[in-house]
Each structure stands twice: as structure tokens, then as C-alpha cells.
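Trainee: To be precise about what I am sending: the file is called structure.csv and holds CSV, C-alpha atoms.
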chain,number,residue,atom,x,y,z
A,1,MET,CA,-49.6,-12.7,-46.4
A,2,ARG,CA,-49.9,-9.0,-45.8
A,3,THR,CA,-46.8,-6.8,-45.4
A,4,ARG,CA,-46.6,-3.4,-43.8
A,5,PRO,CA,-45.9,-0.4,-46.0
A,6,ARG,CA,-42.3,0.7,-46.0
A,7,TYR,CA,-43.1,4.2,-44.6
A,8,LEU,CA,-44.6,2.6,-41.4
A,9,ALA,CA,-41.3,0.8,-40.7
A,10,THR,CA,-39.3,4.0,-41.2
A,11,LEU,CA,-41.8,5.9,-39.0
A,12,SER,CA,-41.6,3.4,-36.2
A,13,SER,CA,-37.8,3.4,-36.3
A,14,LEU,CA,-37.9,7.2,-36.2
A,15,LEU,CA,-40.3,7.2,-33.2
A,16,LEU,CA,-38.1,4.7,-31.4
A,17,GLY,CA,-35.0,6.9,-31.9
A,18,VAL,CA,-36.8,10.0,-30.7
A,19,ALA,CA,-38.1,8.1,-27.6
A,20,ALA,CA,-34.5,7.0,-26.8
A,21,LEU,CA,-33.2,10.5,-27.3
A,22,LEU,CA,-35.9,11.9,-25.0
A,23,CYS,CA,-35.1,9.3,-22.3
A,24,CYS,CA,-31.4,10.4,-22.4
A,25,VAL,CA,-32.2,14.1,-22.4
A,26,LEU,CA,-34.9,14.0,-19.7
A,27,SER,CA,-33.2,11.5,-17.4
A,28,CYS,CA,-31.8,12.5,-14.0
A,29,ASP,CA,-28.4,14.2,-13.9
A,30,GLU,CA,-26.9,13.8,-10.5
A,31,SER,CA,-23.2,14.3,-10.1
A,32,PHE,CA,-21.2,11.5,-8.4
A,33,SER,CA,-18.2,11.8,-6.2
A,34,PRO,CA,-16.3,8.8,-4.9
A,35,SER,CA,-15.1,10.8,-1.9
A,36,ALA,CA,-17.1,10.7,1.3
A,37,PRO,CA,-17.0,13.7,3.6
A,38,PHE,CA,-13.5,13.9,5.1
A,39,GLN,CA,-13.1,12.9,8.7
A,40,PRO,CA,-9.7,13.0,10.3
A,41,ARG,CA,-8.8,9.6,11.7
A,42,MET,CA,-5.8,8.2,13.6
A,43,VAL,CA,-3.5,5.9,11.6
A,44,VAL,CA,-1.2,3.5,13.6
A,45,TYR,CA,1.7,1.8,11.9
A,46,SER,CA,4.2,-0.5,13.6
A,47,VAL,CA,6.2,-3.6,12.8
A,48,LEU,CA,7.3,-5.2,16.1
A,49,THR,CA,10.5,-7.2,15.5
A,50,THR,CA,12.3,-10.0,17.3
A,51,GLU,CA,15.6,-8.8,15.7
A,52,SER,CA,15.9,-5.7,17.9
A,53,ASP,CA,15.5,-4.6,21.5
A,54,THR,CA,14.0,-1.3,20.3
A,55,GLN,CA,10.4,-1.1,19.0
A,56,TYR,CA,8.8,1.8,17.1
A,57,VAL,CA,5.2,2.8,16.5
A,58,ARG,CA,4.2,5.6,14.2
A,59,VAL,CA,0.9,7.5,14.8
A,60,TYR,CA,-0.4,9.8,12.1
A,61,SER,CA,-3.6,11.5,11.1
A,62,THR,CA,-5.4,11.0,7.7
A,63,TYR,CA,-5.3,13.9,5.3
A,64,ASN,CA,-7.6,15.3,2.7
A,65,PRO,CA,-5.6,15.6,-0.6
A,66,SER,CA,-6.7,18.3,-3.0
A,67,GLY,CA,-8.1,16.8,-6.2
A,68,ASN,CA,-8.0,13.3,-4.7
A,69,ASP,CA,-4.3,13.2,-5.5
A,70,PRO,CA,-2.4,11.7,-2.6
A,71,SER,CA,1.0,12.5,-4.2
A,72,ALA,CA,0.1,16.2,-3.9
A,73,ASN,CA,0.3,15.9,-0.1
A,74,LEU,CA,3.8,16.9,1.0
A,75,ASP,CA,3.3,16.9,4.7
A,76,GLU,CA,2.7,14.1,7.2
A,77,ILE,CA,0.5,14.9,10.1
A,78,PRO,CA,1.9,13.2,13.2
A,79,VAL,CA,-0.4,12.7,16.3
A,80,THR,CA,1.7,14.2,19.0
A,81,ASP,CA,-0.7,13.7,21.9
A,82,ALA,CA,-0.8,9.9,21.9
A,83,ASN,CA,-0.1,7.6,24.7
A,84,VAL,CA,1.4,4.4,23.3
A,85,THR,CA,1.8,1.1,25.3
A,86,VAL,CA,2.3,-2.5,24.6
A,87,SER,CA,1.3,-5.0,27.2
A,88,SER,CA,1.8,-8.8,27.6
A,89,ASP,CA,0.7,-11.1,30.4
A,90,SER,CA,3.7,-10.1,32.5
A,91,ALA,CA,4.8,-6.6,31.5
A,92,LEU,CA,3.8,-3.2,30.3
A,93,TYR,CA,6.0,-1.2,27.9
A,94,GLN,CA,5.6,2.6,27.7
A,95,PHE,CA,6.6,4.3,24.5
A,96,GLN,CA,8.2,7.7,24.4
A,97,LYS,CA,7.9,10.2,21.6
A,98,THR,CA,11.1,10.6,19.5
A,99,VAL,CA,12.2,12.0,16.1
A,100,VAL,CA,14.0,9.7,13.6
A,101,GLN,CA,16.0,11.3,10.8
A,102,ARG,CA,14.4,10.7,7.4
A,103,VAL,CA,17.0,9.4,4.9
A,104,ASP,CA,14.9,10.0,1.8
A,105,LYS,CA,13.4,13.5,1.8
A,106,SER,CA,12.3,13.5,-1.8
A,107,ARG,CA,8.6,13.7,-0.9
A,108,TYR,CA,8.5,14.6,2.8
A,109,ALA,CA,10.9,17.2,4.0
A,110,SER,CA,10.3,16.7,7.7
A,111,ASP,CA,11.9,14.0,9.9
A,112,ILE,CA,9.8,11.0,11.2
A,113,VAL,CA,7.9,11.5,14.4
A,114,ALA,CA,7.6,8.1,16.1
A,115,TYR,CA,7.1,6.5,19.5
A,116,MET,CA,9.9,4.3,20.8
A,117,SER,CA,10.4,1.8,23.6
A,118,TYR,CA,13.8,0.6,24.7
A,119,PRO,CA,14.8,-2.0,26.0
A,120,PHE,CA,11.9,-4.1,24.7
A,121,LYS,CA,12.8,-7.5,23.2
A,122,LEU,CA,9.9,-9.6,22.0
A,123,ALA,CA,9.6,-13.2,23.2
A,124,ARG,CA,8.6,-15.9,20.7
A,125,GLY,CA,5.2,-17.4,21.3
A,126,LYS,CA,4.0,-14.5,23.5
A,127,THR,CA,0.9,-12.4,22.8
A,128,TYR,CA,1.2,-8.6,22.9
A,129,LYS,CA,-1.5,-5.9,22.9
A,130,LEU,CA,-0.8,-2.5,21.4
A,131,THR,CA,-2.9,0.4,22.7
A,132,VAL,CA,-2.7,3.9,21.3
A,133,THR,CA,-4.8,6.6,23.1
A,134,SER,CA,-5.2,10.1,21.9
A,135,PRO,CA,-7.4,12.8,23.4
A,136,THR,CA,-7.9,14.1,19.9
A,137,PHE,CA,-8.6,10.8,18.0
A,138,GLY,CA,-9.7,8.3,20.6
A,139,THR,CA,-8.2,4.8,21.2
A,140,ALA,CA,-6.9,2.1,18.8
A,141,THR,CA,-5.9,-1.4,19.8
A,142,ALA,CA,-4.4,-4.4,18.2
A,143,THR,CA,-3.2,-7.8,19.4
A,144,ALA,CA,-0.5,-10.0,17.9
A,145,THR,CA,1.2,-13.3,18.8
A,146,VAL,CA,4.8,-13.6,17.9
A,147,PRO,CA,5.4,-16.9,16.0
A,148,GLY,CA,7.8,-19.5,17.3
A,149,VAL,CA,11.0,-20.4,15.6
A,150,ALA,CA,10.3,-21.5,12.0
A,151,SER,CA,11.5,-24.8,10.6
A,152,ILE,CA,11.4,-26.4,7.2
A,153,SER,CA,10.9,-30.1,6.7
A,154,ALA,CA,11.6,-31.3,3.2
A,155,THR,CA,10.2,-34.8,2.4
A,156,ASN,CA,11.3,-34.6,-1.3
A,157,PHE,CA,15.1,-34.1,-1.2
A,158,PHE,CA,15.2,-34.0,-5.0
A,159,ALA,CA,13.4,-30.6,-4.9
A,160,LEU,CA,16.3,-29.2,-2.9
A,161,ALA,CA,19.0,-30.4,-5.3
A,162,ASP,CA,18.3,-28.0,-8.1
A,163,PRO,CA,16.5,-24.7,-7.6
Here is a file; write its structure as C-alpha cells.
Mentor:
Amino acid sequence: MRTRPRYLATLSSLLLGVAALLCCVLSCDESFSPSAPFQPRMVVYSVLTTESDTQYVRVYSTYNPSGNDPSANLDEIPVTDANVTVSSDSALYQFQKTVVQRVDKSRYASDIVAYMSYPFKLARGKTYKLTVTSPTFGTATATATVPGVASISATNFFALADP
């Protein structure tokens, strides 16, 4: 059996190392940013509740935080030109712009700009459609059905005896 001389093994290892180094040095260097180009968008936030006869909808714009640090943003950008409505099969509720006092001003110093409808009591089992239209940002819609009264039926009463 014939063996290779030791210097050939060392030379092949050296050539392999040089080739790997050249691949790294001569490879493409393209910077990567996880951020897409910023485009302002409308953000709609609302929790309609059966516990109150007043409903609120907040409409804001997205923001472009410097350095991709959202905590650096100290201002909310309310959309003040929105028309907010909620409709059901039998009624249309128009929301009016209002300002709600912010209790915690540790991050945002301004009060909360919101849209409010009163009196507006949700009915269980009914479907509602929220429509927000802004000349600046376009239209956003959402539909939700209010669940009926909840009930719990326990078939294993021993589970209720000791939490």
C-alpha cells in the first residue's frame, strides 16, 4: 500500500484554508435592513362592550421610530379627519371626536383622542360592522358578532369541589 508524503497532506490543507479564506473575502457584501420603506397607515383600535352604553374607537397613524426603537416615540399621531360609524341590520351609529384624559402620562404627555358614540348599547347575538373612512388614509372595516350569554355546564362535580 502506498502512502502520500506528509508534505502533500500539509500542502492540501493549506490550499483548502486559502480557498476558504478567499471565498469569505471575495463574497458579496450586501447590507441588510429588516425595515421596509416607511408608509404611514391607519391603525384602528376598539373594544366594543356590552357593559356600557358608550362605545369608543381610537384611530391613529403608524410612525417611523428612529433607530427602530418604538420606545423612543413619545407622541401618538391621531387621525383627526376620520368618519367612524358602526352599523347593524337595524341601526347606524355615528361616532363623534372627543378627548379623553390620559391617567398615566409617563410615556405620552398628550390626552387620548378618540371617537365616541352615546347612547349605544350592544345587543347580544347581533352582528356589527365598524367602518372608518379617512380622506388621508382611506377606509378600514371590520365585522364582529356579539356572543350570547355564556354558560358553564359541569359534568364532573368533583372538579368544582377543590380548585
Trainee: Between A:Pro37, A:Met42, A:Thr143, A:Arg107, single out the one closest to A:Ala72, counting only C-alpha atoms.
Mentor: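 Nearest to A:Ala72: A:Arg107.
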Trainee: List the neighbours of A:Gln94 out to 7 Å using only C-alpha atoms; skip same-chain residues closer than 2 positions along the sequence, and give me the result as a ChimeraX atom specification.
Mentor: /A:84-86,92,96,117
Trainee: For the atom pair atom CA of A:Tyr128 and atom CA of A:Lys97, what is the interatomic distance in Å to one decimal place?
Mentor: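 Separation between atom CA of A:Tyr128 and atom CA of A:Lys97: 20.0 Å.
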Trainee: Using only C-alpha atoms, determine which residues lie at most 12 Å from A:Val146, disregarding the query and same-chain residues fewer than 4 positions distant; provide the list as a PyMOL selection string.
Mentor: chain A and resi 47-50+88+121-129+150
Trainee: Restricting the output to C-alpha atoms, write the selected residues as a PDB file, keeping the file's coordinate frame.
Mentor:
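Produced file part.pdb, reproduced below:
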ATOM      1  CA  VAL A  47       6.200  -3.600  12.800  1.00  0.00           C
ATOM      2  CA  LEU A  48       7.300  -5.200  16.100  1.00  0.00           C
ATOM      3  CA  THR A  49      10.500  -7.200  15.500  1.00  0.00           C
ATOM      4  CA  THR A  50      12.300 -10.000  17.300  1.00  0.00           C
ATOM      5  CA  SER A  88       1.800  -8.800  27.600  1.00  0.00           C
ATOM      6  CA  LYS A 121      12.800  -7.500  23.200  1.00  0.00           C
ATOM      7  CA  LEU A 122       9.900  -9.600  22.000  1.00  0.00           C
ATOM      8  CA  ALA A 123       9.600 -13.200  23.200  1.00  0.00           C
ATOM      9  CA  ARG A 124       8.600 -15.900  20.700  1.00  0.00           C
ATOM     10  CA  GLY A 125       5.200 -17.400  21.300  1.00  0.00           C
ATOM     11  CA  LYS A 126       4.000 -14.500  23.500  1.00  0.00           C
ATOM     12  CA  THR A 127       0.900 -12.400  22.800  1.00  0.00           C
ATOM     13  CA  TYR A 128       1.200  -8.600  22.900  1.00  0.00           C
ATOM     14  CA  LYS A 129      -1.500  -5.900  22.900  1.00  0.00           C
ATOM     15  CA  ALA A 150      10.300 -21.500  12.000  1.00  0.00           C
TER      16      ALA A 150
END
Trainee: Using only C-alpha atoms, which residues sit within 10 Å of A:Phe38 once same-chain residues fewer than 5 positions away are excluded, as number ranges by chain?
Mentor: A: 62-65
Trainee: Would you mind reading off the distance between atom CA of A:Thr54 and atom CA of A:Thr133, one decimal, in Å?
Mentor: 20.6 Å
Trainee: Generate the missing atoms of stretch 145-156 of chain A up to all heavy atoms and report them as a short mmCIF file (atom, residue, chain, number, x, y, z; two decimals), keeping the file's coordinate frame.
Mentor:
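Just written: result09.cif:
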data_model
loop_
_atom_site.label_atom_id
_atom_site.label_comp_id
_atom_site.auth_asym_id
_atom_site.auth_seq_id
_atom_site.Cartn_x
_atom_site.Cartn_y
_atom_site.Cartn_z
N THR A 145 0.37 -12.22 18.16
CA THR A 145 1.20 -13.30 18.80
C THR A 145 2.41 -13.48 17.95
O THR A 145 2.32 -13.69 16.74
CB THR A 145 0.36 -14.57 18.92
OG1 THR A 145 -0.82 -14.31 19.69
CG2 THR A 145 1.18 -15.65 19.60
N VAL A 146 3.56 -13.42 18.61
CA VAL A 146 4.80 -13.60 17.90
C VAL A 146 4.97 -15.10 17.61
O VAL A 146 4.86 -15.93 18.52
CB VAL A 146 6.01 -13.12 18.77
CG1 VAL A 146 7.33 -13.34 18.06
CG2 VAL A 146 5.83 -11.65 19.13
N PRO A 147 5.21 -15.45 16.34
CA PRO A 147 5.40 -16.90 16.00
C PRO A 147 6.62 -17.46 16.63
O PRO A 147 7.57 -16.74 16.94
CB PRO A 147 5.42 -16.90 14.48
CG PRO A 147 5.60 -15.49 14.05
CD PRO A 147 5.30 -14.59 15.18
N GLY A 148 6.60 -18.78 16.78
CA GLY A 148 7.80 -19.50 17.30
C GLY A 148 8.84 -19.56 16.22
O GLY A 148 8.70 -19.01 15.11
N VAL A 149 9.92 -20.24 16.52
CA VAL A 149 11.00 -20.40 15.60
C VAL A 149 10.50 -21.26 14.40
O VAL A 149 9.90 -22.31 14.61
CB VAL A 149 12.23 -21.06 16.24
CG1 VAL A 149 13.34 -21.31 15.24
CG2 VAL A 149 12.73 -20.19 17.38
N ALA A 150 10.77 -20.81 13.19
CA ALA A 150 10.30 -21.50 12.00
C ALA A 150 11.24 -22.69 11.68
O ALA A 150 12.42 -22.67 12.02
CB ALA A 150 10.25 -20.58 10.81
N SER A 151 10.65 -23.69 11.04
CA SER A 151 11.50 -24.80 10.60
C SER A 151 10.91 -25.30 9.24
O SER A 151 9.73 -25.12 8.95
CB SER A 151 11.44 -25.95 11.60
OG SER A 151 10.14 -26.50 11.68
N ILE A 152 11.79 -25.87 8.45
CA ILE A 152 11.40 -26.40 7.20
C ILE A 152 11.70 -27.90 7.18
O ILE A 152 12.80 -28.33 7.53
CB ILE A 152 12.17 -25.74 6.00
CG1 ILE A 152 11.84 -24.25 5.95
CG2 ILE A 152 11.86 -26.42 4.68
CD1 ILE A 152 12.63 -23.48 4.94
N SER A 153 10.71 -28.67 6.80
CA SER A 153 10.90 -30.10 6.70
C SER A 153 10.62 -30.55 5.30
O SER A 153 9.49 -30.49 4.83
CB SER A 153 9.89 -30.79 7.70
OG SER A 153 10.00 -32.19 7.56
N ALA A 154 11.68 -30.95 4.63
CA ALA A 154 11.60 -31.30 3.20
C ALA A 154 11.43 -32.86 3.14
O ALA A 154 12.30 -33.59 3.62
CB ALA A 154 12.75 -30.87 2.43
N THR A 155 10.35 -33.33 2.55
CA THR A 155 10.20 -34.80 2.40
C THR A 155 10.65 -35.22 0.99
O THR A 155 10.87 -36.40 0.77
CB THR A 155 8.70 -35.16 2.54
OG1 THR A 155 7.91 -34.40 1.63
CG2 THR A 155 8.24 -34.87 3.96
N ASN A 156 10.80 -34.26 0.07
CA ASN A 156 11.30 -34.60 -1.30
C ASN A 156 12.64 -33.91 -1.45
O ASN A 156 12.75 -32.76 -1.83
CB ASN A 156 10.28 -34.06 -2.32
CG ASN A 156 10.70 -34.39 -3.73
OD1 ASN A 156 11.78 -34.93 -3.95
ND2 ASN A 156 9.86 -34.06 -4.69
#
